[in-house]
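Chemist: First, the structure itself, so that you have it in front of you.
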Amino acid sequence: MTAASPQTIFDVSAPGRRSSTIPEAGVGPAPAGAIPERLRRRTPPRLPEVSELDLVRHYTRLSQRNWAIDVGPYPLGSCTMKYNPKVNEETAALPGFRNLHPWQPESQVQGALRLLWETERILVELTGMAKVTFQPAAGAQGEMTGLLMMRAFHAAAGDPRSVVLIPDSAHGTNPASVALAGFKVRQIPSDERGLVDLAALEAALDGQVAGLMLTNPNTLGLFERDIEKIAAAVHAVGGLLYFDGANLNAILGKVRPGDMGFDIVHINTHKTFTTPHGGGGPGAGPVAVTERLARFLPAPVVGYDEGEGRWFWDTDRPDSIGRMHGFHGNFGVLVRAYTYLRSIGGEGLVKVAERAVLNANYLRKRIEDAYPMAHPGWCMHEFVATARRYRAQGVRAMDIAKRLIDLGYHPPTVYFPLVVEEAMMAEPTETESRESLDGLADALLQIAGEASSDPDLLHRAPVTTPVGRLDEARAARRLHVRWEPGAPWLSE
Amino acid sequence: MSLIPPDLRYTREHEWASLGDDGKVKVGITDFAQSRLGDVVFLDLPELESAVTAGESMGEVESTKSVSDIYAPLSGSVKGLNAECRDNPALVNQDPYGEGWLVVIEPGDAAEYEGLLTAEQYAAVVAELEGAEGG
């Protein structure tokens with residue numbers, strides 16, 4: 001970084017500088033003892049002192065360093081980084097939605113309740129489920145919600161169970177959620193097709209199995225074509241099927257999780273329905289379930305009284321697993337999802353799935369001579385290539401990813417899924433044009449050439465970014481997540 | 001090519017084992033394992049005196065790429081831990097067969113050691129994996 005680009009807002013701080021001036025208070029100081037001694041600060045807080053213009057410049061500069069789908073292609077596998085239409089922001093900012101308070105009486109929020117109800121109708125139709133909760137704040141919390149319902153289902157049947165099955169290609173959140181929900185993980189290997197190994201699944205099934213978590217298409221971008229056999233086998237021992245909605249984009253309007261035999265489905269609105277990718281910010285991970293699980297959903301759920309033509313919060317749910325979020329989840333995110341669903345429409349969603357799969361296969365075909373596929377043949381919405389042939393030149397998937405940054409693209413996911421060596425997982429999504437896919441393919445092919453002709457170029461990359469190659473090992477070994485004035489790691 | 005000392009024993013999961021004069025067995029991960037994992041950033045090792053079972057996970061090794069299980073090569077009780085390595089996991093990368101050792105196990109059944117892979121057998125396992133990388 002150059003001297004002209006300060007690292008933190010503290011570097012532009014000057015004593016006494018302010019971005020706003022506050023008038024003298026019209027009341028005297030707090031009476032002695034109003035704030036107990038033990039709660040008083042000993043030292044003033046270390047806050048930056050900057051003018052409004054300093055503040056705006058600093059954060060605008062930082063935002064310009066950020067890569068986003070609004071800047072260029074973002075083929076990060078398994079993340080579905082599609083374009084978020086700006087109309088979503090317009091509707092979410094409508095005063096009637098923006099100024100709502102969760103304590104307003106039902107009579108004043110009929111429009112908001114109706115929006116949730118209609119979103120639920122759409123999700124029910126798309127997933128083949130019966131009822132939805134909007135409380136979970138993201139996919140991972142959706143997993144937790146689904147697993148707690150799975151636990152409640154077996155407990156209510158007087159048959160508590162301890163094990164959840166997960167394929168070895170699954171997202172890391174799956175085993176984490178299983179452990180957090182108090183189950184044990186039993187891992188199912190993939191077969192040579194990259195699909196669930198049916199024989200291994202049969203061998204792992206017994207009366208302790210609460211359920212199976214599966215993504216379909218799976219994390220290798222392949223459709224689990226034995227899903228009906230898988231579902232029948234899991235149901236035969238009394239287990240439930242959990243559908244991780246991470247890859248729902250590939251099958252919208254084509255096949256429904258409910259028709260495949262799934263019992264619980266979570267939906268990542270930030271992947272499939274164009275709400276912002278949170279980065280820790282507010283998200284939404286609605287969970288849809290079949291009729292036999294509906295009574296366990298977090299309460300309240302949205303209800304509709306046809307006789308009176310009014311929407312209401314259905315709180316009378318004695319078997320509910322309880323709340324998963326304050327109030328009713330992140331409503332503003334759901335307004336964006338609803339806007340997308342209604343503006344693109346049912347036929348539009350079918351085209352989304354078709355274009356997502358077409359784009360992934362187009363990109364795959366263009367690069368597969370240089371980057372062989374982990375599992376050759378047609379893929380769904382994403383594919384996993386391997387860069388292991390370049391290891392002989394001392395070039396790793398990470399080097400290829402870093403070089404791609406210099407050429408103006410966000411890299412694909414690397415080193416995931418774990419079952420593929422030197423994995424590079426790309427998901428271009430339906431919103432990229434053919435020209436943009438060609439640009440990405442050309443860049444990847446150029447890098448494949450450079451891996452042989454000039455491997456050092458790849459090792460040095462990226463060189464066009466404000467910060468060069470980061471020492472990830474040191475960052476992990478000596479983790480500092482809190483700013484401290486004059487900390488040695490800033491100047492090292 | 002990865003280093004495979006001839007006097008050690010090995011597992012298919014890329015642990016090495018070394019039988020000491022006192023009958024206890026020192027365990028670490030192989031050079032092949034550390035090169036595939038990349039920079040090791042965190043080690044989760046079993047507690048002293050805890051019981052471990054051959055073929056079952058007894059800890060985890062975390063690199064910048066992934067988290068992998070460390071499998072016990074044989075059953076027994078944990079009698080030693082490499083605290084220095086736990087504080088400085090880079091030792092696993094720098095010296096996997098020396099300073100980067102992980103635990104010492106007192107085997108319940110000394111014969112288990114003889115059942116582990118020889119260097120020659122383990123070299124064949126590695127060769128097969130490296131051969132598959134023609135890509």
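Chain lettering (A, B, ...) mirrors the order of the structure tokens, residue numbering begins at 1 for each chain separately, and ligand numbering begins at 1 in order of display.
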Write out as a PDB file with N, CA, C and O atoms, in the first residue's frame every residue belonging to chain B that has an atom at most 9 Å from any atom of chain A, counting only C-alpha atoms.

Modeler:
ATOM      1  N   ARG B  36       0.792 -32.243   0.646  1.00  0.00           N
ATOM      2  CA  ARG B  36      -0.547 -32.132   0.073  1.00  0.00           C
ATOM      3  C   ARG B  36      -1.430 -31.172   0.866  1.00  0.00           C
ATOM      4  O   ARG B  36      -2.253 -30.461   0.326  1.00  0.00           O
ATOM      5  N   GLY B  38      -0.403 -28.566   2.540  1.00  0.00           N
ATOM      6  CA  GLY B  38       0.075 -27.190   2.491  1.00  0.00           C
ATOM      7  C   GLY B  38       0.358 -26.700   3.902  1.00  0.00           C
ATOM      8  O   GLY B  38       0.412 -27.486   4.853  1.00  0.00           O
ATOM      9  N   ASP B  39       0.482 -25.391   4.052  1.00  0.00           N
ATOM     10  CA  ASP B  39       0.893 -24.815   5.331  1.00  0.00           C
ATOM     11  C   ASP B  39      -0.061 -25.199   6.466  1.00  0.00           C
ATOM     12  O   ASP B  39      -1.227 -24.837   6.443  1.00  0.00           O
ATOM     13  N   VAL B  40       0.485 -25.910   7.447  1.00  0.00           N
ATOM     14  CA  VAL B  40      -0.321 -26.315   8.598  1.00  0.00           C
ATOM     15  C   VAL B  40      -0.437 -25.129   9.556  1.00  0.00           C
ATOM     16  O   VAL B  40       0.556 -24.485   9.888  1.00  0.00           O
ATOM     17  N   VAL B  41      -1.658 -24.823   9.970  1.00  0.00           N
ATOM     18  CA  VAL B  41      -1.866 -23.644  10.819  1.00  0.00           C
ATOM     19  C   VAL B  41      -2.404 -23.991  12.202  1.00  0.00           C
ATOM     20  O   VAL B  41      -2.388 -23.167  13.108  1.00  0.00           O
ATOM     21  N   PHE B  42      -2.910 -25.207  12.390  1.00  0.00           N
ATOM     22  CA  PHE B  42      -3.478 -25.549  13.690  1.00  0.00           C
ATOM     23  C   PHE B  42      -3.473 -27.062  13.875  1.00  0.00           C
ATOM     24  O   PHE B  42      -3.752 -27.807  12.932  1.00  0.00           O
ATOM     25  N   SER B  63      -4.927 -26.943   7.734  1.00  0.00           N
ATOM     26  CA  SER B  63      -4.034 -26.162   6.890  1.00  0.00           C
ATOM     27  C   SER B  63      -4.822 -25.009   6.289  1.00  0.00           C
ATOM     28  O   SER B  63      -6.010 -24.866   6.553  1.00  0.00           O
ATOM     29  N   THR B  64      -4.134 -24.185   5.490  1.00  0.00           N
ATOM     30  CA  THR B  64      -4.858 -23.079   4.859  1.00  0.00           C
ATOM     31  C   THR B  64      -5.879 -23.598   3.864  1.00  0.00           C
ATOM     32  O   THR B  64      -6.763 -22.877   3.451  1.00  0.00           O
ATOM     33  N   LYS B  65      -5.764 -24.887   3.466  1.00  0.00           N
ATOM     34  CA  LYS B  65      -6.711 -25.446   2.506  1.00  0.00           C
ATOM     35  C   LYS B  65      -7.857 -26.191   3.167  1.00  0.00           C
ATOM     36  O   LYS B  65      -8.975 -26.163   2.680  1.00  0.00           O
ATOM     37  N   SER B  66      -7.549 -26.965   4.216  1.00  0.00           N
ATOM     38  CA  SER B  66      -8.566 -27.893   4.701  1.00  0.00           C
ATOM     39  C   SER B  66      -8.287 -28.327   6.131  1.00  0.00           C
ATOM     40  O   SER B  66      -7.246 -28.021   6.703  1.00  0.00           O
ATOM     41  N   ASN B  88       3.679 -24.204  17.407  1.00  0.00           N
ATOM     42  CA  ASN B  88       4.294 -23.771  16.155  1.00  0.00           C
ATOM     43  C   ASN B  88       4.081 -24.848  15.090  1.00  0.00           C
ATOM     44  O   ASN B  88       4.987 -25.603  14.759  1.00  0.00           O
ATOM     45  N   PRO B  89       2.850 -24.933  14.556  1.00  0.00           N
ATOM     46  CA  PRO B  89       2.504 -26.040  13.656  1.00  0.00           C
ATOM     47  C   PRO B  89       3.332 -26.065  12.367  1.00  0.00           C
ATOM     48  O   PRO B  89       3.323 -27.077  11.657  1.00  0.00           O
ATOM     49  N   ALA B  90       4.047 -24.965  12.076  1.00  0.00           N
ATOM     50  CA  ALA B  90       4.889 -24.950  10.873  1.00  0.00           C
ATOM     51  C   ALA B  90       5.934 -26.059  10.928  1.00  0.00           C
ATOM     52  O   ALA B  90       6.460 -26.488   9.891  1.00  0.00           O
ATOM     53  N   GLU B 133      -1.878 -38.562 -10.923  1.00  0.00           N
ATOM     54  CA  GLU B 133      -1.896 -37.130 -11.134  1.00  0.00           C
ATOM     55  C   GLU B 133      -1.379 -36.719 -12.505  1.00  0.00           C
ATOM     56  O   GLU B 133      -1.116 -35.560 -12.749  1.00  0.00           O
ATOM     57  N   GLY B 134      -1.233 -37.687 -13.393  1.00  0.00           N
ATOM     58  CA  GLY B 134      -0.815 -37.317 -14.732  1.00  0.00           C
ATOM     59  C   GLY B 134      -1.789 -36.332 -15.343  1.00  0.00           C
ATOM     60  O   GLY B 134      -1.416 -35.452 -16.099  1.00  0.00           O
ATOM     61  N   GLY B 135      -3.063 -36.489 -14.942  1.00  0.00           N
ATOM     62  CA  GLY B 135      -4.122 -35.543 -15.248  1.00  0.00           C
ATOM     63  C   GLY B 135      -4.471 -35.435 -16.685  1.00  0.00           C
ATOM     64  O   GLY B 135      -5.003 -34.478 -17.138  1.00  0.00           O
TER      65      GLY B 135
END

Chemist: Find the residues near stretch 106-114 of chain B: any atom within 6 Å, counting only C-alpha atoms, skip ones fewer than 6 places away on the same chain, and give them as a VMD selection string.

Modeler: chain B and resid 24 75 to 77

Chemist: Export, as a PDB file, in the first residue's frame, the selected residues with N, CA and C atoms.

Modeler:
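Okay, this is what ended up in again_20.pdb:
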ATOM      1  N   LYS B  24       7.340 -47.650  23.419  1.00  0.00           N
ATOM      2  CA  LYS B  24       6.335 -46.651  23.032  1.00  0.00           C
ATOM      3  C   LYS B  24       6.557 -46.238  21.579  1.00  0.00           C
ATOM      4  N   SER B  75      -3.781 -48.922  18.658  1.00  0.00           N
ATOM      5  CA  SER B  75      -4.578 -48.649  19.857  1.00  0.00           C
ATOM      6  C   SER B  75      -3.670 -48.558  21.069  1.00  0.00           C
ATOM      7  N   GLY B  76      -4.051 -47.686  21.996  1.00  0.00           N
ATOM      8  CA  GLY B  76      -3.248 -47.559  23.195  1.00  0.00           C
ATOM      9  C   GLY B  76      -3.570 -46.290  23.938  1.00  0.00           C
ATOM     10  N   SER B  77      -2.582 -45.833  24.703  1.00  0.00           N
ATOM     11  CA  SER B  77      -2.780 -44.678  25.556  1.00  0.00           C
ATOM     12  C   SER B  77      -1.755 -43.609  25.185  1.00  0.00           C
TER      13      SER B  77
END

Chemist: Would you please extract all strand (DSSP E) residues from chain B, as assigned by DSSP on the backbone, and give them as a ChimeraX atom specification?

Modeler: /B:9-10,15-19,25-29,40-44,51-52,57-63,67-71,76-81,103-107

Chemist: So, counting only C-alpha atoms, which residue among A:Gly449, A:Pro167, A:Pro85, A:Pro160 is closest to A:Ala337?

Modeler: A:Pro85

Chemist: Just the residues within 6 Å of B:Leu102, please, counting only C-alpha atoms, with nothing from its chain fewer than 4 positions along; format it as a list in words.

Modeler: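 Contacts, in chain order: Val27, Gly28 and Asn82 of chain B.
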
Chemist: Could you give me, as a list of chain:residue names, the residues within 12 Å of A:Val56, counting only C-alpha atoms and dropping anything in the same chain fewer than 5 positions from it?

Modeler: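 Final neighbour list, sorted by chain and number: A:Ile9, A:Val12, A:Ser19, A:Val50, A:Ser51, A:Arg61, A:Leu62, A:Ser63.
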
Chemist: Could you give me, as number ranges by chain, the residues within 7 Å of A:Thr275, counting only C-alpha atoms and dropping anything in the same chain fewer than 6 positions from it?

Modeler: A: 84, 269, 333, 336-337

Chemist: Would you list the contacts of stretch 429-438 of chain A as an MDAnalysis selection string, taking every protein, DNA or RNA residue within 6 Å and counting only C-alpha atoms, but skipping same-chain residues closer than 6 positions in sequence?

Modeler: chainID A and resid 82 352 355:356

Chemist: Write out as a ChimeraX atom specification all residues of stretch 171-415 of chain A that backbone DSSP assigns to helix (DSSP H, G or I).

Modeler: /A:173-180,198-204,227-236,245-251,257-260,269-272,291-296,331-367,388-393,397-406

Chemist: In Å, how far is it from atom CA of A:Glu427 to atom CA of A:Leu76?

Modeler: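 Distance reported for this atom pair: 5.8 Å.
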
Chemist: Rounded to one decimal in Å, what is the spacing between atom CA of B:Glu120 and atom CA of B:Leu74?

Modeler: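 Computing it gives 19.3 Å between the two atoms.
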
Chemist: Compare B:Phe32, B:Tyr97, B:Tyr122, B:Trp16 by their minimum atom-to-atom distance to B:Ile70, counting only C-alpha atoms, and give me the closest one.

Modeler: B:Trp16

Chemist: Which of these residues is nearest to A:Asp319, using only C-alpha atoms: A:Val185, A:Ala236, A:Val255, A:Ala152?

Modeler: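 So, comparing all the options, the nearest one is A:Ala152.
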